[in-house]
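Peer 1: Contents are CSV, C-alpha atoms; file name work-v5.csv:
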```csv
chain,number,residue,atom,x,y,z
B,144,MET,CA,22.6,7.9,-18.3
B,145,ARG,CA,20.7,11.1,-17.5
B,146,ARG,CA,22.2,13.0,-20.4
B,147,GLN,CA,21.4,10.1,-22.8
B,148,LEU,CA,17.7,10.0,-21.7
B,149,ILE,CA,17.4,13.8,-22.1
B,150,GLU,CA,19.0,13.7,-25.5
B,151,ALA,CA,16.8,10.8,-26.6
B,152,LEU,CA,13.6,12.8,-25.8
B,153,THR,CA,14.6,15.5,-28.4
B,154,TYR,CA,13.6,13.5,-31.5
B,155,PRO,CA,10.0,12.6,-30.5
B,156,ARG,CA,9.4,16.0,-29.1
B,157,LEU,CA,10.5,17.8,-32.3
B,158,LEU,CA,8.6,15.3,-34.5
B,159,LEU,CA,5.5,16.0,-32.6
B,160,LEU,CA,5.9,19.8,-32.6
B,161,ARG,CA,6.2,19.7,-36.4
B,162,ILE,CA,2.9,17.7,-36.6
B,163,ILE,CA,1.2,20.1,-34.2
B,164,GLU,CA,2.3,23.1,-36.2
B,165,GLU,CA,0.7,21.6,-39.3
B,166,GLN,CA,-2.6,21.4,-37.4
B,167,ASP,CA,-2.6,25.3,-37.2
B,168,CYS,CA,-2.8,25.2,-33.4
B,169,PRO,CA,-4.2,28.4,-31.9
B,170,HIS,CA,-2.2,27.8,-28.7
B,171,ASP,CA,1.2,27.9,-30.3
B,172,SER,CA,1.6,24.1,-29.8
B,173,LEU,CA,1.0,24.2,-26.1
B,174,PHE,CA,-1.7,22.2,-24.5
B,175,GLU,CA,-4.3,24.4,-22.8
B,176,ALA,CA,-6.2,22.4,-20.2
B,177,THR,CA,-9.2,24.8,-20.2
B,178,SER,CA,-9.5,24.8,-24.0
B,179,ASP,CA,-12.4,22.8,-25.6
B,180,ARG,CA,-10.5,22.7,-28.8
B,181,CYS,CA,-7.5,21.0,-27.1
B,182,HIS,CA,-9.8,18.5,-25.5
B,183,GLN,CA,-11.4,17.6,-28.9
B,184,CYS,CA,-8.1,17.6,-30.8
B,185,ASP,CA,-6.8,14.3,-32.2
B,186,LEU,CA,-3.4,15.2,-30.7
B,187,ASN,CA,-4.7,16.0,-27.2
B,188,ARG,CA,-2.6,13.4,-25.3
B,189,GLU,CA,0.5,13.9,-27.4
B,190,CYS,CA,0.4,17.7,-27.2
B,191,HIS,CA,-0.1,17.4,-23.4
B,192,TRP,CA,3.1,15.2,-23.3
B,193,ALA,CA,5.1,17.8,-25.3
B,194,THR,CA,3.8,20.6,-23.0
B,195,CYS,CA,4.9,18.6,-19.9
B,196,LEU,CA,8.4,18.3,-21.4
B,197,ASN,CA,8.3,22.1,-21.8
B,198,ASP,CA,7.2,22.5,-18.2
B,199,PHE,CA,10.2,20.3,-17.2
B,200,ALA,CA,12.3,23.4,-18.1
B,201,ASP,CA,15.3,21.9,-16.4
B,202,LEU,CA,15.3,18.2,-17.2
B,203,LYS,CA,18.6,17.6,-15.5
B,204,ASP,CA,16.7,18.0,-12.2
B,205,LYS,CA,14.0,15.5,-12.9
B,206,PRO,CA,14.2,12.0,-11.5
B,207,LEU,CA,15.6,9.4,-13.8
B,208,TYR,CA,12.4,7.3,-13.6
B,209,THR,CA,10.5,10.3,-14.9
B,210,LEU,CA,12.8,10.7,-17.8
B,211,ASN,CA,12.6,7.0,-18.5
B,212,ALA,CA,8.8,7.1,-18.4
B,213,SER,CA,8.8,10.1,-20.8
B,214,LEU,CA,11.0,8.3,-23.2
B,215,ARG,CA,8.8,5.2,-23.1
B,216,TYR,CA,5.9,7.4,-24.1
B,217,GLY,CA,8.0,8.9,-26.8
B,218,VAL,CA,8.8,5.5,-28.2
B,219,LYS,CA,5.1,4.6,-28.3
B,220,LEU,CA,4.4,7.9,-30.0
B,221,VAL,CA,7.0,7.4,-32.8
B,222,GLU,CA,5.9,3.8,-33.3
B,223,SER,CA,2.3,4.8,-33.7
B,224,MET,CA,3.2,7.6,-36.1
B,225,ASN,CA,5.2,5.1,-38.2
B,226,SER,CA,2.6,2.3,-38.1
B,227,GLU,CA,1.2,3.6,-41.4
B,228,LEU,CA,4.6,3.2,-43.2
B,229,GLN,CA,4.4,-0.6,-43.0
B,230,HIS,CA,8.1,-1.4,-43.0
B,231,ASP,CA,10.2,-3.8,-40.9
B,232,GLU,CA,11.2,-1.7,-37.9
B,233,SER,CA,13.8,-4.2,-36.9
B,234,MET,CA,15.7,-3.8,-40.2
B,235,CYS,CA,14.7,-0.4,-41.5
B,236,THR,CA,17.4,2.3,-41.4
B,237,CYS,CA,15.1,5.4,-41.6
B,238,GLU,CA,15.6,8.0,-38.9
B,239,ALA,CA,12.4,7.0,-36.9
B,240,CYS,CA,13.1,3.3,-36.8
B,241,SER,CA,16.8,3.8,-35.9
B,242,TRP,CA,15.7,6.2,-33.1
B,243,VAL,CA,13.1,3.7,-31.8
B,244,ARG,CA,15.7,0.9,-31.6
B,245,ASP,CA,18.3,3.2,-29.9
B,246,ALA,CA,15.7,4.5,-27.4
B,247,GLN,CA,14.5,0.9,-26.6
B,248,ARG,CA,18.1,-0.1,-25.9
B,249,LEU,CA,18.5,2.9,-23.7
B,250,ILE,CA,15.3,2.1,-21.8
B,251,GLU,CA,16.4,-1.5,-21.4
B,252,GLU,CA,19.8,-0.4,-20.1
B,253,PHE,CA,18.2,2.0,-17.6
B,254,GLU,CA,15.7,-0.6,-16.3
B,255,ALA,CA,18.4,-3.3,-16.0
B,256,ARG,CA,20.2,-1.1,-13.5
B,257,LEU,CA,17.1,-0.8,-11.3
B,258,ALA,CA,16.9,-2.7,-8.1
B,259,PRO,CA,14.4,-5.6,-8.2
B,260,ASN,CA,10.9,-4.6,-7.2
B,261,ALA,CA,9.3,-7.2,-5.0
B,262,TYR,CA,5.9,-5.7,-5.8
B,263,ARG,CA,6.3,-5.9,-9.6
B,264,PRO,CA,5.0,-9.2,-11.1
B,265,VAL,CA,7.5,-11.3,-12.9
B,266,HIS,CA,6.3,-12.7,-16.2
```
Could I get this file's structure written as structure tokens?
Peer 2:
Amino acid sequence: MRRQLIEALTYPRLLLLRIIEEQDCPHDSLFEATSDRCHQCDLNRECHWATCLNDFADLKDKPLYTLNASLRYGVKLVESMNSELQHDESMCTCEACSWVRDAQRLIEEFEARLAPNAYRPVH
């Protein structure tokens, strides 16, 4: 499961890094907490996420729940980037839609293995 979560993080990270490179980032695609430009950038939150993944130099030592949370954010990121495409994500065979479906299945599989949490509301 760990290996699958780590591998799944590759796609949104690379996608985001390509977009950041197109923005002509003065910080070499790394979020700089003290930079006014980073704080005013449209990709502030996304860039920070990518930088956090870089800071997790050794993902194999991170807790599974951290990897899962990172993957959940990656799914939201790819979905928001694809929202302009206006296609049926459930049927589309493009790389992004296929990745989203696979990542969502992986998240569901991971979360199904978790012990029930008495403090989490059941809907």
Peer 1: Quick one, how far is atom CA of B:Ser223 from atom CA of B:Leu158?
Peer 2: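 Taking atom CA of B:Ser223 as the start and atom CA of B:Leu158 as the end point, the length is 12.3 Å.
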Peer 1: In Å, rounded to a single decimal, give me how far atom CA of B:Thr236 is from atom CA of B:Leu207.
Peer 2: 28.6 Å
Peer 1: Could you please determine the separation between atom CA of B:Ala246 and atom CA of B:Ile162 in Å, to one decimal place?
Peer 2: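 It comes out at 20.6 Å.
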Peer 1: Find the spatial neighbours of B:Lys219, counting all atoms listed in the file, within a cut-off of 9 Å - ignore same-chain residues fewer than 5 positions away - and output them as a list in words.
Peer 2: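 Counting all atoms listed in the file, the residues come to Leu214, Met224 and Val243 of chain B.
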Peer 1: For B:Phe253, please output as a list in words all residues within 12 Å (counting all atoms listed in the file; exclusion window: fewer than 5 positions along the same chain).
Peer 2: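 Residues meeting the cut-off are Met144, Arg145, Gln147, Leu148, Leu207, Tyr208, Thr209, Leu210, Asn211, Ala212, Leu214, Arg215, Ala246, Gln247, Arg248 and Ala258 of chain B.
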